[in-house]
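Listing of input.txt; format and content: compact mmCIF, N, CA and C atoms.
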```
# COMPACT_ATOMS: atom_id res chain seq x y z
N MET A 11 -208.67 -93.27 21.40
CA MET A 11 -209.41 -92.10 20.97
C MET A 11 -210.88 -92.45 20.94
N TYR A 12 -211.71 -91.54 21.34
CA TYR A 12 -213.15 -91.77 21.37
C TYR A 12 -213.83 -91.06 20.21
N ARG A 13 -214.99 -91.60 19.85
CA ARG A 13 -215.77 -91.13 18.71
C ARG A 13 -215.90 -89.61 18.68
N GLU A 14 -216.36 -88.97 19.74
CA GLU A 14 -216.60 -87.53 19.71
C GLU A 14 -215.31 -86.73 19.62
N GLN A 15 -214.22 -87.27 20.11
CA GLN A 15 -212.95 -86.55 20.07
C GLN A 15 -212.38 -86.48 18.66
N VAL A 16 -212.66 -87.45 17.83
CA VAL A 16 -212.00 -87.52 16.53
C VAL A 16 -212.96 -87.48 15.35
N LYS A 17 -214.26 -87.31 15.57
CA LYS A 17 -215.21 -87.32 14.46
C LYS A 17 -214.85 -86.25 13.43
N GLY A 18 -214.35 -85.10 13.87
CA GLY A 18 -213.98 -84.04 12.96
C GLY A 18 -212.85 -84.41 12.02
N PHE A 19 -212.06 -85.42 12.38
CA PHE A 19 -210.97 -85.86 11.51
C PHE A 19 -211.48 -86.39 10.17
N LEU A 20 -212.73 -86.83 10.11
CA LEU A 20 -213.28 -87.34 8.85
C LEU A 20 -213.39 -86.26 7.79
N ILE A 21 -213.55 -85.03 8.20
CA ILE A 21 -213.79 -83.96 7.24
C ILE A 21 -212.84 -82.78 7.47
N ASP A 22 -211.63 -83.05 7.94
CA ASP A 22 -210.68 -81.97 8.22
C ASP A 22 -209.74 -81.68 7.05
N GLY A 23 -209.89 -82.42 5.94
CA GLY A 23 -209.03 -82.20 4.78
C GLY A 23 -207.64 -82.79 4.91
N ASN A 24 -207.41 -83.58 5.97
CA ASN A 24 -206.10 -84.17 6.21
C ASN A 24 -206.24 -85.69 6.23
N ASN A 25 -205.75 -86.37 5.20
CA ASN A 25 -205.90 -87.82 5.13
C ASN A 25 -204.90 -88.57 5.99
N GLN A 26 -204.09 -87.84 6.79
CA GLN A 26 -203.18 -88.48 7.73
C GLN A 26 -203.76 -88.57 9.14
N THR A 27 -204.91 -87.95 9.36
CA THR A 27 -205.66 -88.10 10.62
C THR A 27 -206.81 -89.04 10.34
N TRP A 28 -207.38 -89.66 11.36
CA TRP A 28 -208.49 -90.57 11.11
C TRP A 28 -209.45 -90.59 12.28
N TRP A 29 -210.66 -91.05 11.94
CA TRP A 29 -211.72 -91.28 12.92
C TRP A 29 -211.76 -92.77 13.21
N SER A 30 -211.99 -93.12 14.46
CA SER A 30 -212.10 -94.52 14.85
C SER A 30 -213.33 -94.70 15.73
N SER A 31 -214.05 -95.77 15.48
CA SER A 31 -215.17 -96.10 16.36
C SER A 31 -214.64 -96.58 17.70
N GLU A 32 -215.55 -96.78 18.61
CA GLU A 32 -215.20 -97.31 19.92
C GLU A 32 -215.25 -98.83 19.96
N GLY A 33 -215.65 -99.44 18.87
CA GLY A 33 -215.81 -100.90 18.84
C GLY A 33 -217.12 -101.30 19.49
N TYR A 34 -217.40 -102.56 19.49
CA TYR A 34 -218.63 -103.06 20.08
C TYR A 34 -218.39 -104.48 20.56
N GLU A 35 -219.28 -104.94 21.43
CA GLU A 35 -219.05 -106.23 22.07
C GLU A 35 -219.74 -107.40 21.38
N LYS A 36 -220.83 -107.13 20.64
CA LYS A 36 -221.58 -108.22 20.01
C LYS A 36 -221.68 -107.97 18.50
N SER A 37 -221.75 -109.04 17.74
CA SER A 37 -221.78 -108.91 16.29
C SER A 37 -223.10 -108.35 15.76
N ASP A 38 -224.16 -108.31 16.58
CA ASP A 38 -225.42 -107.76 16.10
C ASP A 38 -225.52 -106.25 16.35
N GLU A 39 -224.51 -105.65 16.99
CA GLU A 39 -224.48 -104.21 17.17
C GLU A 39 -223.89 -103.59 15.91
N ARG A 40 -224.40 -102.43 15.54
CA ARG A 40 -223.93 -101.76 14.33
C ARG A 40 -223.26 -100.45 14.68
N GLU A 41 -222.20 -100.15 13.97
CA GLU A 41 -221.51 -98.88 14.13
C GLU A 41 -221.85 -98.00 12.94
N TRP A 42 -221.90 -96.71 13.18
CA TRP A 42 -222.18 -95.78 12.10
C TRP A 42 -221.54 -94.44 12.43
N ILE A 43 -221.38 -93.65 11.39
CA ILE A 43 -220.89 -92.28 11.53
C ILE A 43 -221.74 -91.40 10.63
N ALA A 44 -222.13 -90.26 11.14
CA ALA A 44 -222.91 -89.30 10.36
C ALA A 44 -222.28 -87.92 10.51
N PHE A 45 -222.38 -87.12 9.47
CA PHE A 45 -221.87 -85.76 9.54
C PHE A 45 -222.64 -84.88 8.57
N TRP A 46 -222.64 -83.59 8.87
CA TRP A 46 -223.32 -82.60 8.04
C TRP A 46 -222.32 -82.02 7.05
N LEU A 47 -222.80 -81.72 5.86
CA LEU A 47 -221.94 -81.11 4.85
C LEU A 47 -221.66 -79.66 5.24
N GLU A 48 -220.44 -79.26 5.09
CA GLU A 48 -219.99 -77.95 5.55
C GLU A 48 -220.76 -76.80 4.92
N ASP A 49 -221.10 -76.90 3.66
CA ASP A 49 -221.78 -75.81 2.95
C ASP A 49 -223.30 -75.97 2.93
N GLY A 50 -223.87 -76.78 3.80
CA GLY A 50 -225.31 -76.99 3.83
C GLY A 50 -225.77 -77.92 2.73
N ALA A 51 -227.02 -77.79 2.32
CA ALA A 51 -227.61 -78.69 1.33
C ALA A 51 -226.86 -78.59 -0.01
N GLN A 52 -226.54 -79.77 -0.57
CA GLN A 52 -225.84 -79.85 -1.84
C GLN A 52 -226.39 -81.01 -2.65
N THR A 53 -226.20 -80.93 -3.95
CA THR A 53 -226.50 -82.07 -4.82
C THR A 53 -225.21 -82.88 -4.93
N ILE A 54 -225.31 -84.17 -4.58
CA ILE A 54 -224.15 -85.05 -4.68
C ILE A 54 -224.56 -86.35 -5.37
N ASP A 55 -223.60 -87.03 -5.96
CA ASP A 55 -223.87 -88.35 -6.54
C ASP A 55 -222.73 -89.32 -6.27
N CYS A 56 -221.80 -88.92 -5.39
CA CYS A 56 -220.70 -89.81 -5.05
C CYS A 56 -220.08 -89.41 -3.72
N VAL A 57 -219.33 -90.34 -3.17
CA VAL A 57 -218.59 -90.11 -1.93
C VAL A 57 -217.21 -90.72 -2.10
N GLU A 58 -216.19 -89.95 -1.72
CA GLU A 58 -214.82 -90.46 -1.74
C GLU A 58 -214.45 -90.86 -0.32
N LEU A 59 -213.96 -92.08 -0.16
CA LEU A 59 -213.56 -92.61 1.14
C LEU A 59 -212.06 -92.84 1.16
N TRP A 60 -211.39 -92.29 2.17
CA TRP A 60 -209.96 -92.51 2.35
C TRP A 60 -209.78 -93.52 3.47
N PRO A 61 -209.04 -94.60 3.23
CA PRO A 61 -208.76 -95.54 4.31
C PRO A 61 -207.79 -94.92 5.31
N ARG A 62 -207.81 -95.46 6.51
CA ARG A 62 -206.85 -95.03 7.53
C ARG A 62 -205.44 -95.29 7.01
N PRO A 63 -204.51 -94.35 7.21
CA PRO A 63 -203.15 -94.57 6.73
C PRO A 63 -202.45 -95.69 7.50
N GLY A 64 -201.53 -96.31 6.84
CA GLY A 64 -200.77 -97.38 7.48
C GLY A 64 -200.81 -98.64 6.64
N ALA A 65 -199.89 -99.51 6.87
CA ALA A 65 -199.87 -100.77 6.15
C ALA A 65 -199.82 -101.89 7.16
N PRO A 66 -200.68 -102.83 7.12
CA PRO A 66 -201.83 -102.88 6.20
C PRO A 66 -202.92 -101.90 6.62
N VAL A 67 -203.84 -101.65 5.70
CA VAL A 67 -204.98 -100.78 5.98
C VAL A 67 -205.74 -101.35 7.16
N GLN A 68 -206.15 -100.49 8.07
CA GLN A 68 -206.86 -100.94 9.26
C GLN A 68 -208.24 -100.32 9.34
N GLY A 69 -209.23 -101.12 9.68
CA GLY A 69 -210.54 -100.62 10.04
C GLY A 69 -211.46 -100.22 8.92
N PHE A 70 -211.05 -100.37 7.66
CA PHE A 70 -211.94 -99.99 6.56
C PHE A 70 -213.10 -100.98 6.52
N PRO A 71 -214.35 -100.49 6.49
CA PRO A 71 -215.47 -101.43 6.53
C PRO A 71 -215.53 -102.29 5.27
N SER A 72 -215.77 -103.56 5.44
CA SER A 72 -215.86 -104.46 4.29
C SER A 72 -217.27 -104.49 3.72
N LYS A 73 -218.24 -104.05 4.51
CA LYS A 73 -219.62 -104.00 4.04
C LYS A 73 -220.32 -102.85 4.76
N TYR A 74 -221.02 -102.02 4.01
CA TYR A 74 -221.64 -100.84 4.60
C TYR A 74 -222.81 -100.35 3.76
N ASP A 75 -223.67 -99.55 4.38
CA ASP A 75 -224.78 -98.88 3.70
C ASP A 75 -224.52 -97.38 3.76
N PHE A 76 -224.94 -96.66 2.70
CA PHE A 76 -224.87 -95.21 2.69
C PHE A 76 -226.27 -94.63 2.80
N HIS A 77 -226.40 -93.60 3.61
CA HIS A 77 -227.67 -92.87 3.77
C HIS A 77 -227.39 -91.39 3.53
N PHE A 78 -228.39 -90.69 3.04
CA PHE A 78 -228.27 -89.24 2.93
C PHE A 78 -229.41 -88.60 3.72
N HIS A 79 -229.18 -87.39 4.19
CA HIS A 79 -230.20 -86.67 4.94
C HIS A 79 -231.09 -85.97 3.92
N ASN A 80 -232.32 -86.46 3.78
CA ASN A 80 -233.26 -85.91 2.80
C ASN A 80 -233.68 -84.51 3.23
N VAL A 81 -233.34 -83.52 2.42
CA VAL A 81 -233.62 -82.13 2.75
C VAL A 81 -235.12 -81.88 2.87
N SER A 82 -235.93 -82.52 2.02
CA SER A 82 -237.38 -82.30 2.04
C SER A 82 -238.06 -82.91 3.26
N SER A 83 -237.72 -84.16 3.59
CA SER A 83 -238.40 -84.85 4.68
C SER A 83 -237.71 -84.70 6.03
N GLY A 84 -236.42 -84.37 6.01
CA GLY A 84 -235.66 -84.28 7.26
C GLY A 84 -235.27 -85.65 7.81
N LEU A 85 -235.43 -86.71 7.01
CA LEU A 85 -235.13 -88.08 7.46
C LEU A 85 -233.91 -88.63 6.73
N TRP A 86 -233.28 -89.63 7.35
CA TRP A 86 -232.19 -90.34 6.68
C TRP A 86 -232.80 -91.34 5.71
N GLN A 87 -232.26 -91.39 4.50
CA GLN A 87 -232.78 -92.28 3.46
C GLN A 87 -231.61 -93.03 2.83
N MET A 88 -231.77 -94.34 2.66
CA MET A 88 -230.69 -95.14 2.06
C MET A 88 -230.54 -94.80 0.58
N ILE A 89 -229.30 -94.61 0.16
CA ILE A 89 -229.02 -94.35 -1.25
C ILE A 89 -228.22 -95.48 -1.88
N MET A 90 -227.42 -96.18 -1.07
CA MET A 90 -226.61 -97.26 -1.61
C MET A 90 -226.50 -98.36 -0.55
N PRO A 91 -227.21 -99.47 -0.77
CA PRO A 91 -227.22 -100.53 0.25
C PRO A 91 -226.09 -101.54 0.09
N SER A 92 -225.66 -102.07 1.19
CA SER A 92 -224.82 -103.27 1.29
C SER A 92 -223.71 -103.34 0.25
N THR A 93 -222.83 -102.39 0.28
CA THR A 93 -221.70 -102.38 -0.63
C THR A 93 -220.58 -103.23 -0.05
N ASP A 94 -220.13 -104.23 -0.80
CA ASP A 94 -218.99 -105.04 -0.38
C ASP A 94 -217.72 -104.39 -0.90
N GLN A 95 -216.73 -104.28 -0.04
CA GLN A 95 -215.51 -103.60 -0.43
C GLN A 95 -214.29 -104.28 0.17
N PRO A 96 -213.33 -104.67 -0.65
CA PRO A 96 -212.07 -105.15 -0.08
C PRO A 96 -211.33 -103.97 0.52
N GLU A 97 -210.37 -104.23 1.39
CA GLU A 97 -209.60 -103.14 1.98
C GLU A 97 -208.76 -102.47 0.91
N PRO A 98 -208.99 -101.18 0.67
CA PRO A 98 -208.23 -100.49 -0.37
C PRO A 98 -206.91 -99.96 0.16
N ASN A 99 -205.97 -99.72 -0.75
CA ASN A 99 -204.70 -99.09 -0.39
C ASN A 99 -204.72 -97.61 -0.74
N THR A 100 -205.69 -97.21 -1.55
CA THR A 100 -205.84 -95.83 -1.98
C THR A 100 -207.29 -95.42 -1.78
N PRO A 101 -207.61 -94.14 -1.90
CA PRO A 101 -209.00 -93.71 -1.75
C PRO A 101 -209.88 -94.34 -2.82
N ILE A 102 -211.14 -94.54 -2.48
CA ILE A 102 -212.10 -95.06 -3.46
C ILE A 102 -213.22 -94.05 -3.61
N VAL A 103 -213.82 -94.01 -4.79
CA VAL A 103 -214.98 -93.16 -5.05
C VAL A 103 -216.16 -94.07 -5.35
N LEU A 104 -217.22 -93.92 -4.57
CA LEU A 104 -218.44 -94.69 -4.78
C LEU A 104 -219.48 -93.77 -5.41
N VAL A 105 -219.94 -94.14 -6.61
CA VAL A 105 -220.93 -93.34 -7.33
C VAL A 105 -222.31 -93.91 -7.03
N PHE A 106 -223.23 -93.04 -6.58
CA PHE A 106 -224.59 -93.46 -6.25
C PHE A 106 -225.39 -93.72 -7.53
N PRO A 107 -226.47 -94.48 -7.42
CA PRO A 107 -227.32 -94.75 -8.59
C PRO A 107 -227.95 -93.48 -9.16
N GLU A 108 -228.12 -92.45 -8.31
CA GLU A 108 -228.72 -91.19 -8.75
C GLU A 108 -228.22 -90.06 -7.86
N ALA A 109 -228.29 -88.84 -8.37
CA ALA A 109 -227.91 -87.68 -7.57
C ALA A 109 -228.99 -87.39 -6.53
N VAL A 110 -228.57 -86.86 -5.37
CA VAL A 110 -229.51 -86.53 -4.30
C VAL A 110 -229.19 -85.14 -3.76
N GLU A 111 -230.21 -84.46 -3.25
CA GLU A 111 -230.05 -83.19 -2.55
C GLU A 111 -229.97 -83.53 -1.07
N THR A 112 -228.85 -83.20 -0.44
CA THR A 112 -228.65 -83.61 0.94
C THR A 112 -227.85 -82.58 1.73
N SER A 113 -228.01 -82.64 3.03
CA SER A 113 -227.21 -81.80 3.92
C SER A 113 -226.32 -82.65 4.82
N GLY A 114 -226.45 -83.99 4.73
CA GLY A 114 -225.65 -84.86 5.58
C GLY A 114 -225.50 -86.25 5.00
N ILE A 115 -224.49 -86.96 5.46
CA ILE A 115 -224.20 -88.33 5.02
C ILE A 115 -224.05 -89.21 6.26
N ARG A 116 -224.58 -90.43 6.16
CA ARG A 116 -224.39 -91.41 7.23
C ARG A 116 -223.89 -92.71 6.60
N ILE A 117 -222.89 -93.31 7.23
CA ILE A 117 -222.34 -94.58 6.77
C ILE A 117 -222.54 -95.59 7.88
N ASP A 118 -223.26 -96.68 7.59
CA ASP A 118 -223.48 -97.75 8.55
C ASP A 118 -222.52 -98.89 8.26
N ASN A 119 -221.71 -99.25 9.22
CA ASN A 119 -220.79 -100.37 9.08
C ASN A 119 -221.57 -101.66 9.34
N LEU A 120 -221.59 -102.56 8.39
CA LEU A 120 -222.32 -103.82 8.52
C LEU A 120 -221.39 -105.00 8.76
N ASN A 121 -220.15 -104.72 9.11
CA ASN A 121 -219.18 -105.78 9.36
C ASN A 121 -219.60 -106.56 10.60
N PRO A 122 -219.84 -107.86 10.49
CA PRO A 122 -220.30 -108.64 11.63
C PRO A 122 -219.20 -109.05 12.61
N ASP A 123 -217.98 -108.65 12.37
CA ASP A 123 -216.86 -109.05 13.22
C ASP A 123 -216.75 -108.13 14.43
N PRO A 124 -217.04 -108.63 15.63
CA PRO A 124 -216.99 -107.75 16.82
C PRO A 124 -215.57 -107.33 17.19
N ASP A 125 -214.56 -107.94 16.60
CA ASP A 125 -213.18 -107.54 16.88
C ASP A 125 -212.69 -106.44 15.94
N ALA A 126 -213.50 -106.08 14.94
CA ALA A 126 -213.10 -105.07 13.98
C ALA A 126 -213.60 -103.70 14.43
N TRP A 127 -212.80 -102.69 14.19
CA TRP A 127 -213.17 -101.31 14.49
C TRP A 127 -213.40 -100.60 13.16
N PHE A 128 -214.35 -99.70 13.15
CA PHE A 128 -214.71 -98.92 11.97
C PHE A 128 -213.80 -97.68 11.95
N GLN A 129 -212.95 -97.56 10.91
CA GLN A 129 -211.99 -96.46 10.86
C GLN A 129 -211.89 -95.91 9.44
N LEU A 130 -211.93 -94.60 9.33
CA LEU A 130 -211.76 -93.91 8.06
C LEU A 130 -210.90 -92.67 8.28
N ALA A 131 -210.12 -92.30 7.26
CA ALA A 131 -209.28 -91.11 7.37
C ALA A 131 -210.01 -89.86 6.89
N GLU A 132 -210.75 -89.97 5.81
CA GLU A 132 -211.40 -88.79 5.24
C GLU A 132 -212.60 -89.24 4.42
N VAL A 133 -213.66 -88.43 4.43
CA VAL A 133 -214.84 -88.65 3.60
C VAL A 133 -215.16 -87.33 2.90
N THR A 134 -215.37 -87.40 1.60
CA THR A 134 -215.68 -86.20 0.83
C THR A 134 -216.89 -86.47 -0.05
N ALA A 135 -217.88 -85.61 0.04
CA ALA A 135 -219.03 -85.69 -0.85
C ALA A 135 -218.63 -85.08 -2.19
N CYS A 136 -219.14 -85.63 -3.30
CA CYS A 136 -218.76 -85.12 -4.61
C CYS A 136 -219.94 -85.18 -5.58
N TYR A 137 -219.77 -84.51 -6.69
CA TYR A 137 -220.78 -84.51 -7.75
C TYR A 137 -220.06 -84.63 -9.09
N THR A 138 -220.39 -85.69 -9.84
CA THR A 138 -219.74 -85.92 -11.12
C THR A 138 -220.47 -85.25 -12.26
N GLY A 139 -221.74 -84.90 -12.01
CA GLY A 139 -222.62 -84.16 -12.83
C GLY A 139 -222.61 -84.16 -14.24
```

Could you quickly redo this structure as structure tokens?
Amino acid sequence: MYREQVKGFLIDGNNQTWWSSEGYEKSDEREWIAFWLEDGAQTIDCVELWPRPGAPVQGFPSKYDFHFHNVSSGLWQMIMPSTDQPEPNTPIVLVFPEAVETSGIRIDNLNPDPDAWFQLAEVTACYTG
């Protein structure tokens, strides 16, 4: 499956479908996924990540950065850097240091392993408010 064919699976509301990167050949190449929030600009302070279904969990990034699309500037801005994460068996919720007004989210996979593929089943923006 290729990136453009399955990118919609990240936000389709079905945690049994998943998005997969195309992989990369060198460890200095970075993979990322970005998407726009369905309802436009929103205030969020967390993101829920669903790992790809299956045992063992496959493709969940072990290290990543989160960016949000700054509504005022129109630029991507880092909100949560270099999060280390073991492979989860259930969804995880990452709470940002502060709430942000955003219309999009970008996740940069910082895994240096060129044999690893970046895979997620579902991503949901949230507000704990």

**Prompt:** What's the 12 Å shell around Gly84 in chain A, counting only C-alpha atoms, without same-chain residues fewer than 3 positions away, as number ranges by chain?
**Reply:** A: 51, 78-81, 87, 111-114

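Of note, atom N of Asn99 in chain A and CA of Gln52 in chain A are spaced 28.1 Å apart.
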
**Complete:** Using only N, CA and C atoms, the best pick from A:Glu97, A:Trp86, A:Leu130, A:Asn121 as closest to Asn25 in chain A would be A:Leu130

**Message:** With all atoms listed in the file as the counted atoms, please give the residues lying no more than 8 Å from Ile102 in chain A, apart from itself and same-chain residues fewer than 5 positions off, as a list in words.
**Reply:** Val57, Glu58, Leu59, Trp60 and Pro61 of chain A

**Request:** Please provide the set of residues having any atom within 8 Å of Met90 in chain A, restricted to only N, CA and C atoms, with same-chain residues fewer than 4 positions apart removed, written as a ChimeraX atom specification.
**Result:** /A:74-78,105-107

**atom N of Pro71 in chain A to atom C of Gln26 in chain A, straight-line distance in Å** = 16.2 Å

Which neighbours of Leu20 in chain A fall inside 8 Å, counting only C-alpha atoms, when residues of the same chain fewer than 4 positions from it are skipped, and could you give them as a PDB file with N, CA and C atoms, in the coordinates of the input?
```
ATOM      1  N   VAL A  16    -212.660 -87.450  17.830  1.00  0.00           N
ATOM      2  CA  VAL A  16    -212.000 -87.520  16.530  1.00  0.00           C
ATOM      3  C   VAL A  16    -212.960 -87.480  15.350  1.00  0.00           C
ATOM      4  N   THR A  27    -204.910 -87.950   9.360  1.00  0.00           N
ATOM      5  CA  THR A  27    -205.660 -88.100  10.620  1.00  0.00           C
ATOM      6  C   THR A  27    -206.810 -89.040  10.340  1.00  0.00           C
ATOM      7  N   TRP A  28    -207.380 -89.660  11.360  1.00  0.00           N
ATOM      8  CA  TRP A  28    -208.490 -90.570  11.110  1.00  0.00           C
ATOM      9  C   TRP A  28    -209.450 -90.590  12.280  1.00  0.00           C
ATOM     10  N   TRP A  29    -210.660 -91.050  11.940  1.00  0.00           N
ATOM     11  CA  TRP A  29    -211.720 -91.280  12.920  1.00  0.00           C
ATOM     12  C   TRP A  29    -211.760 -92.770  13.210  1.00  0.00           C
ATOM     13  N   LEU A 130    -211.930 -94.600   9.330  1.00  0.00           N
ATOM     14  CA  LEU A 130    -211.760 -93.910   8.060  1.00  0.00           C
ATOM     15  C   LEU A 130    -210.900 -92.670   8.280  1.00  0.00           C
ATOM     16  N   ALA A 131    -210.120 -92.300   7.260  1.00  0.00           N
ATOM     17  CA  ALA A 131    -209.280 -91.110   7.370  1.00  0.00           C
ATOM     18  C   ALA A 131    -210.010 -89.860   6.890  1.00  0.00           C
ATOM     19  N   GLU A 132    -210.750 -89.970   5.810  1.00  0.00           N
ATOM     20  CA  GLU A 132    -211.400 -88.790   5.240  1.00  0.00           C
ATOM     21  C   GLU A 132    -212.600 -89.240   4.420  1.00  0.00           C
ATOM     22  N   VAL A 133    -213.660 -88.430   4.430  1.00  0.00           N
ATOM     23  CA  VAL A 133    -214.840 -88.650   3.600  1.00  0.00           C
ATOM     24  C   VAL A 133    -215.160 -87.330   2.900  1.00  0.00           C
TER      25      VAL A 133
END
```

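If you measure from each of A:Met88, A:Ile43, A:Ile117, A:Ala135 to Asp55 in chain A using all atoms listed in the file, the closest one turns out to be A:Ala135.
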
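Nearest residue to Glu108 in chain A, choosing from A:Asn24, A:Gln129, A:Cys56, A:Thr134 and counting only C-alpha atoms: A:Cys56.
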
**Prompt:** How many Å lie between atom C of Leu120 in chain A and atom N of Thr100 in chain A, rounded to one decimal?
**Reply:** 20.3 Å
